[in-house]
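So this one's final13.csv, CSV, C-alpha atoms:
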chain,number,residue,atom,x,y,z
K,5,MET,CA,22.4,-49.4,-49.1
K,6,ILE,CA,21.1,-49.0,-45.5
K,7,ARG,CA,20.6,-45.4,-44.6
K,8,VAL,CA,19.9,-44.2,-41.0
K,9,VAL,CA,19.1,-40.8,-39.5
K,10,VAL,CA,20.2,-40.4,-35.9
K,11,ASN,CA,19.0,-38.2,-33.0
K,12,SER,CA,21.2,-36.9,-30.2
K,13,THR,CA,20.5,-39.5,-27.4
K,14,PRO,CA,21.7,-42.5,-29.4
K,15,LEU,CA,24.8,-40.7,-30.4
K,16,ILE,CA,25.5,-39.7,-26.8
K,17,ALA,CA,24.6,-43.1,-25.4
K,18,LEU,CA,26.8,-45.0,-27.9
K,19,SER,CA,29.7,-42.6,-27.3
K,20,ILE,CA,29.4,-43.1,-23.5
K,21,THR,CA,29.8,-46.8,-24.0
K,22,GLY,CA,32.6,-46.5,-26.5
K,23,ARG,CA,30.3,-48.0,-29.1
K,24,LEU,CA,29.6,-45.1,-31.5
K,25,SER,CA,31.5,-47.0,-34.3
K,26,LEU,CA,28.7,-49.6,-34.3
K,27,LEU,CA,26.7,-47.1,-36.4
K,28,LYS,CA,29.4,-47.1,-39.1
K,29,ALA,CA,29.6,-50.9,-38.9
K,30,LEU,CA,25.8,-51.5,-39.2
K,31,PHE,CA,24.8,-48.8,-41.6
K,32,ASP,CA,26.1,-47.7,-45.0
K,33,GLU,CA,25.1,-44.1,-44.4
K,34,VAL,CA,24.8,-42.4,-41.1
K,35,ILE,CA,23.0,-39.0,-41.3
K,36,VAL,CA,22.7,-36.5,-38.5
K,37,PRO,CA,20.6,-33.3,-38.9
K,38,ALA,CA,22.7,-30.1,-38.5
K,39,SER,CA,20.6,-29.2,-35.4
K,40,VAL,CA,21.4,-32.5,-33.7
K,41,TYR,CA,25.1,-32.1,-34.6
K,42,GLU,CA,25.1,-28.6,-33.2
K,43,GLU,CA,23.4,-29.8,-30.0
K,44,VAL,CA,25.8,-32.7,-29.4
K,45,VAL,CA,29.1,-31.2,-30.6
K,46,PHE,CA,28.8,-27.4,-29.9
K,47,GLN,CA,26.2,-27.0,-27.2
K,48,GLY,CA,27.4,-30.2,-25.6
K,49,ARG,CA,31.1,-29.3,-25.7
K,50,GLY,CA,32.9,-31.1,-22.9
K,51,ARG,CA,30.1,-33.5,-22.4
K,52,PRO,CA,29.9,-37.2,-23.4
K,53,GLY,CA,29.6,-37.6,-27.2
K,54,ALA,CA,30.8,-34.2,-28.3
K,55,GLU,CA,34.3,-35.2,-29.2
K,56,GLU,CA,33.4,-38.6,-30.5
K,57,VAL,CA,30.7,-37.3,-32.9
K,58,ARG,CA,33.0,-34.4,-34.0
K,59,GLU,CA,35.8,-36.8,-34.9
K,60,ALA,CA,33.5,-39.3,-36.7
K,61,ALA,CA,34.3,-38.3,-40.3
K,62,TRP,CA,31.8,-40.9,-41.5
K,63,ILE,CA,28.8,-39.1,-40.1
K,64,VAL,CA,27.0,-37.0,-42.8
K,65,VAL,CA,25.6,-33.8,-41.5
K,66,LYS,CA,22.6,-32.5,-43.4
K,67,GLU,CA,19.9,-29.8,-43.1
K,68,PRO,CA,16.4,-30.9,-43.9
K,69,LYS,CA,15.0,-28.9,-46.9
K,70,GLU,CA,11.5,-28.8,-45.5
K,71,ARG,CA,10.6,-26.8,-42.4
K,72,PRO,CA,7.7,-27.9,-40.2
K,73,VAL,CA,4.4,-26.1,-40.6
K,74,LEU,CA,4.0,-26.0,-36.8
K,75,PRO,CA,6.8,-25.2,-34.3
K,76,PRO,CA,8.2,-28.5,-33.0
K,77,ALA,CA,7.6,-27.5,-29.3
K,78,LEU,CA,3.9,-27.2,-30.1
K,79,LEU,CA,3.9,-30.9,-31.0
K,80,GLY,CA,6.0,-31.7,-27.9
K,81,LEU,CA,9.1,-32.4,-29.9
K,82,GLY,CA,12.6,-30.9,-29.8
K,83,GLN,CA,14.0,-29.3,-32.9
K,84,GLY,CA,16.4,-32.2,-33.3
K,85,GLU,CA,13.7,-34.8,-33.2
K,86,MET,CA,11.6,-32.8,-35.7
K,87,ASP,CA,14.7,-32.5,-38.0
K,88,VAL,CA,15.4,-36.2,-37.7
K,89,ILE,CA,11.9,-37.1,-38.8
K,90,LEU,CA,11.8,-34.5,-41.7
K,91,LEU,CA,15.3,-35.6,-42.9
K,92,ALA,CA,14.4,-39.3,-42.7
K,93,GLN,CA,11.4,-38.7,-44.9
K,94,GLU,CA,13.4,-36.6,-47.4
K,95,VAL,CA,16.3,-39.1,-47.8
K,96,ASN,CA,14.0,-42.2,-47.6
K,97,ALA,CA,15.9,-43.5,-44.6
K,98,ASP,CA,15.7,-47.2,-43.8
K,99,TRP,CA,15.8,-46.4,-40.0
K,100,VAL,CA,15.3,-43.6,-37.7
K,101,LEU,CA,17.3,-43.8,-34.4
K,102,ILE,CA,15.4,-42.0,-31.6
K,103,ASP,CA,15.2,-42.9,-27.9
K,104,GLU,CA,12.6,-40.3,-26.7
K,105,LYS,CA,9.1,-41.8,-26.5
K,106,LEU,CA,7.2,-39.1,-28.3
K,107,GLY,CA,9.7,-38.8,-31.1
K,108,ARG,CA,9.6,-42.6,-31.6
K,109,LYS,CA,5.8,-42.5,-31.6
K,110,THR,CA,5.6,-39.6,-34.0
K,111,ALA,CA,8.1,-41.2,-36.4
K,112,ALA,CA,6.3,-44.5,-36.4
K,113,THR,CA,3.0,-42.8,-37.0
K,114,LEU,CA,4.5,-41.3,-40.1
K,115,GLY,CA,5.5,-44.7,-41.3
K,116,LEU,CA,9.2,-44.6,-40.4
K,117,GLN,CA,11.1,-47.6,-39.1
K,118,VAL,CA,12.3,-46.7,-35.6
K,119,LYS,CA,15.1,-48.1,-33.5
K,120,GLY,CA,16.7,-46.8,-30.3
K,121,THR,CA,20.0,-47.3,-28.7
K,122,LEU,CA,19.0,-50.7,-27.4
K,123,GLY,CA,17.8,-51.7,-30.9
K,124,VAL,CA,21.2,-50.8,-32.3
K,125,LEU,CA,23.0,-52.8,-29.6
K,126,LEU,CA,20.7,-55.8,-30.4
K,127,ALA,CA,21.4,-55.4,-34.1
K,128,ALA,CA,25.2,-55.4,-33.3
K,129,TYR,CA,24.8,-58.5,-31.3
K,130,HIS,CA,22.9,-60.2,-34.2
K,131,ALA,CA,25.6,-59.1,-36.6
K,132,ARG,CA,28.2,-60.6,-34.2
K,133,LEU,CA,29.8,-57.2,-33.7
K,134,LEU,CA,29.2,-57.6,-29.9
K,135,SER,CA,29.3,-60.8,-27.9
K,136,GLN,CA,26.5,-61.3,-25.3
K,137,GLU,CA,29.0,-60.4,-22.5
K,138,GLU,CA,30.0,-57.2,-24.4
K,139,ALA,CA,26.3,-56.3,-24.9
K,140,GLU,CA,25.5,-56.9,-21.2
K,141,GLU,CA,28.5,-54.8,-20.2
K,142,THR,CA,27.4,-52.0,-22.5
K,143,ILE,CA,23.9,-51.9,-21.1
K,144,GLU,CA,25.3,-51.8,-17.6
K,145,THR,CA,27.5,-48.9,-18.5
K,146,LEU,CA,24.5,-47.1,-19.9
K,147,ALA,CA,22.4,-47.9,-16.9
K,148,THR,CA,24.9,-46.2,-14.6
K,149,SER,CA,25.6,-43.2,-16.9
K,150,SER,CA,23.9,-39.9,-17.3
K,151,VAL,CA,21.6,-41.4,-19.9
K,152,ARG,CA,18.2,-42.3,-18.4
K,153,ILE,CA,17.2,-45.9,-19.0
K,154,SER,CA,14.6,-47.7,-16.9
K,155,SER,CA,15.4,-50.9,-15.1
K,156,ARG,CA,12.5,-52.4,-17.1
K,157,LEU,CA,14.3,-51.7,-20.4
K,158,VAL,CA,17.5,-53.1,-19.0
K,159,GLN,CA,15.7,-56.3,-18.0
K,160,TRP,CA,14.0,-56.5,-21.4
K,161,PHE,CA,17.3,-56.1,-23.2
K,162,LYS,CA,19.0,-58.8,-21.2
K,163,ALA,CA,16.0,-61.1,-21.8
K,164,GLN,CA,16.4,-60.4,-25.5
K,165,LEU,CA,20.0,-61.3,-25.4
K,166,ALA,CA,19.3,-64.5,-23.5
K,167,ALA,CA,16.6,-65.5,-26.0
K,168,GLY,CA,18.8,-64.7,-29.0
K,169,GLY,CA,17.3,-61.2,-29.3
K,170,GLN,CA,14.5,-62.1,-31.8
K,171,GLU,CA,12.3,-59.0,-31.0
K,172,GLU,CA,13.4,-55.5,-32.1
K,173,GLU,CA,13.3,-52.5,-29.8
Final structure tokens representation of the file:
Amino acid sequence: MIRVVVNSTPLIALSITGRLSLLKALFDEVIVPASVYEEVVFQGRGRPGAEEVREAAWIVVKEPKERPVLPPALLGLGQGEMDVILLAQEVNADWVLIDEKLGRKTAATLGLQVKGTLGVLLAAYHARLLSQEEAEETIETLATSSVRISSRLVQWFKAQLAAGGQEEE
């Protein structure tokens, strides 16, 4: 069983592109911390991702049992990122989906396997859930959306697709 814990930006980015269901197709269990669900669905009401995440009955919403010793802000993390990391450790997640650089670095330092939105899209491409054309259209949609993505990452992603996507994001 492949278990993943997801932060807000991948949920929003995949929703913007109409690809949120890729999480369900790629992973057996998709877990979202309660703080992330609150951020996307309630605080983000009317914004991209809110309705899609609320309607995704296959998403498991959980509260981490442990609380951080230090406030997340002191570490430079948001509450959602901290909860993703804590919950991933608690449930022994196979993957953590975080796009923010510091959250990714912190999760990796703690020994968690990290992917971001682009890693999910590459995994979907490898699993033949997306064609190369669909993957390229998806990254173009992201690049012109409210989600910040550098032109360097867009180029890297397209190069991965052209090369068969052997490297993981």
Could you check which of K:Asn96, K:Ser154, K:Thr142, K:Ser12 is closest to Val57 (chain K), using all atoms listed in the file?
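Comparing K:Asn96, K:Ser154, K:Thr142, K:Ser12 against Val57 (chain K), the winner is K:Ser12.
Compared by their closest atoms to Ser25 (chain K), and using all atoms listed in the file, the residues K:Leu91, K:Ile63, K:Val158, K:Met86 rank with K:Ile63 nearest.
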Near region 147-153 of chain K, 12 Å: region 82-107 of chain K residue rows, closest pairs, all atoms listed in the file, as a tab-separated table:
residue	atom	partner	partner_atom	distance
K:Asp103	CA	K:Ile153	CA	9.6
K:Glu104	CA	K:Arg152	CA	10.2
K:Lys105	CA	K:Ile153	CA	11.8
Straight-line distance linking CA of Val118 (chain K) with CA of Leu15 (chain K), stated in Å to one decimal:
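Computing it gives 14.8 Å between the two atoms.
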List the neighbours of Val95 (chain K) out to 9 Å using all atoms listed in the file; skip same-chain residues closer than 4 positions along the sequence, and give me the result as a PyMOL selection string.
chain K and resi 7+9+90-91
List the neighbours of region 35-43 of chain K out to 10 Å using only C-alpha atoms; skip same-chain residues closer than 2 positions along the sequence, and give me the result as a PyMOL selection string.
chain K and resi 7-13+15+31-33+45-49+54+57-58+62-68+82-92+95+97+100-101
Between CA of Gly80 (chain K) and CA of Gly107 (chain K), what is the distance in Å, rounded to a tenth?
8.6 Å
Repaired coordinates for region 102-113 of chain K (N, CA and C atoms) as a PDB file, in the coordinates of the input:
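Output (result34.pdb):
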ATOM      1  N   ILE K 102      15.896 -42.907 -32.608  1.00  0.00           N
ATOM      2  CA  ILE K 102      15.400 -42.000 -31.600  1.00  0.00           C
ATOM      3  C   ILE K 102      15.084 -42.748 -30.341  1.00  0.00           C
ATOM      4  N   ASP K 103      15.490 -42.233 -29.196  1.00  0.00           N
ATOM      5  CA  ASP K 103      15.200 -42.900 -27.900  1.00  0.00           C
ATOM      6  C   ASP K 103      13.966 -42.293 -27.226  1.00  0.00           C
ATOM      7  N   GLU K 104      13.707 -41.011 -27.422  1.00  0.00           N
ATOM      8  CA  GLU K 104      12.600 -40.300 -26.700  1.00  0.00           C
ATOM      9  C   GLU K 104      11.252 -40.883 -27.197  1.00  0.00           C
ATOM     10  N   LYS K 105      10.388 -41.162 -26.233  1.00  0.00           N
ATOM     11  CA  LYS K 105       9.100 -41.800 -26.500  1.00  0.00           C
ATOM     12  C   LYS K 105       8.240 -41.097 -27.526  1.00  0.00           C
ATOM     13  N   LEU K 106       8.043 -39.794 -27.344  1.00  0.00           N
ATOM     14  CA  LEU K 106       7.200 -39.100 -28.300  1.00  0.00           C
ATOM     15  C   LEU K 106       7.763 -38.983 -29.661  1.00  0.00           C
ATOM     16  N   GLY K 107       9.061 -38.793 -29.757  1.00  0.00           N
ATOM     17  CA  GLY K 107       9.700 -38.800 -31.100  1.00  0.00           C
ATOM     18  C   GLY K 107       9.582 -40.105 -31.773  1.00  0.00           C
ATOM     19  N   ARG K 108       9.725 -41.201 -31.028  1.00  0.00           N
ATOM     20  CA  ARG K 108       9.600 -42.600 -31.600  1.00  0.00           C
ATOM     21  C   ARG K 108       8.152 -42.756 -32.104  1.00  0.00           C
ATOM     22  N   LYS K 109       7.199 -42.356 -31.272  1.00  0.00           N
ATOM     23  CA  LYS K 109       5.800 -42.500 -31.600  1.00  0.00           C
ATOM     24  C   LYS K 109       5.431 -41.718 -32.868  1.00  0.00           C
ATOM     25  N   THR K 110       5.891 -40.481 -32.904  1.00  0.00           N
ATOM     26  CA  THR K 110       5.600 -39.600 -34.000  1.00  0.00           C
ATOM     27  C   THR K 110       6.225 -40.173 -35.320  1.00  0.00           C
ATOM     28  N   ALA K 111       7.476 -40.610 -35.253  1.00  0.00           N
ATOM     29  CA  ALA K 111       8.100 -41.200 -36.400  1.00  0.00           C
ATOM     30  C   ALA K 111       7.420 -42.436 -36.910  1.00  0.00           C
ATOM     31  N   ALA K 112       7.038 -43.300 -35.987  1.00  0.00           N
ATOM     32  CA  ALA K 112       6.300 -44.500 -36.400  1.00  0.00           C
ATOM     33  C   ALA K 112       4.977 -44.223 -36.976  1.00  0.00           C
ATOM     34  N   THR K 113       4.285 -43.227 -36.425  1.00  0.00           N
ATOM     35  CA  THR K 113       3.000 -42.800 -37.000  1.00  0.00           C
ATOM     36  C   THR K 113       3.108 -42.358 -38.411  1.00  0.00           C
TER      37      THR K 113
END
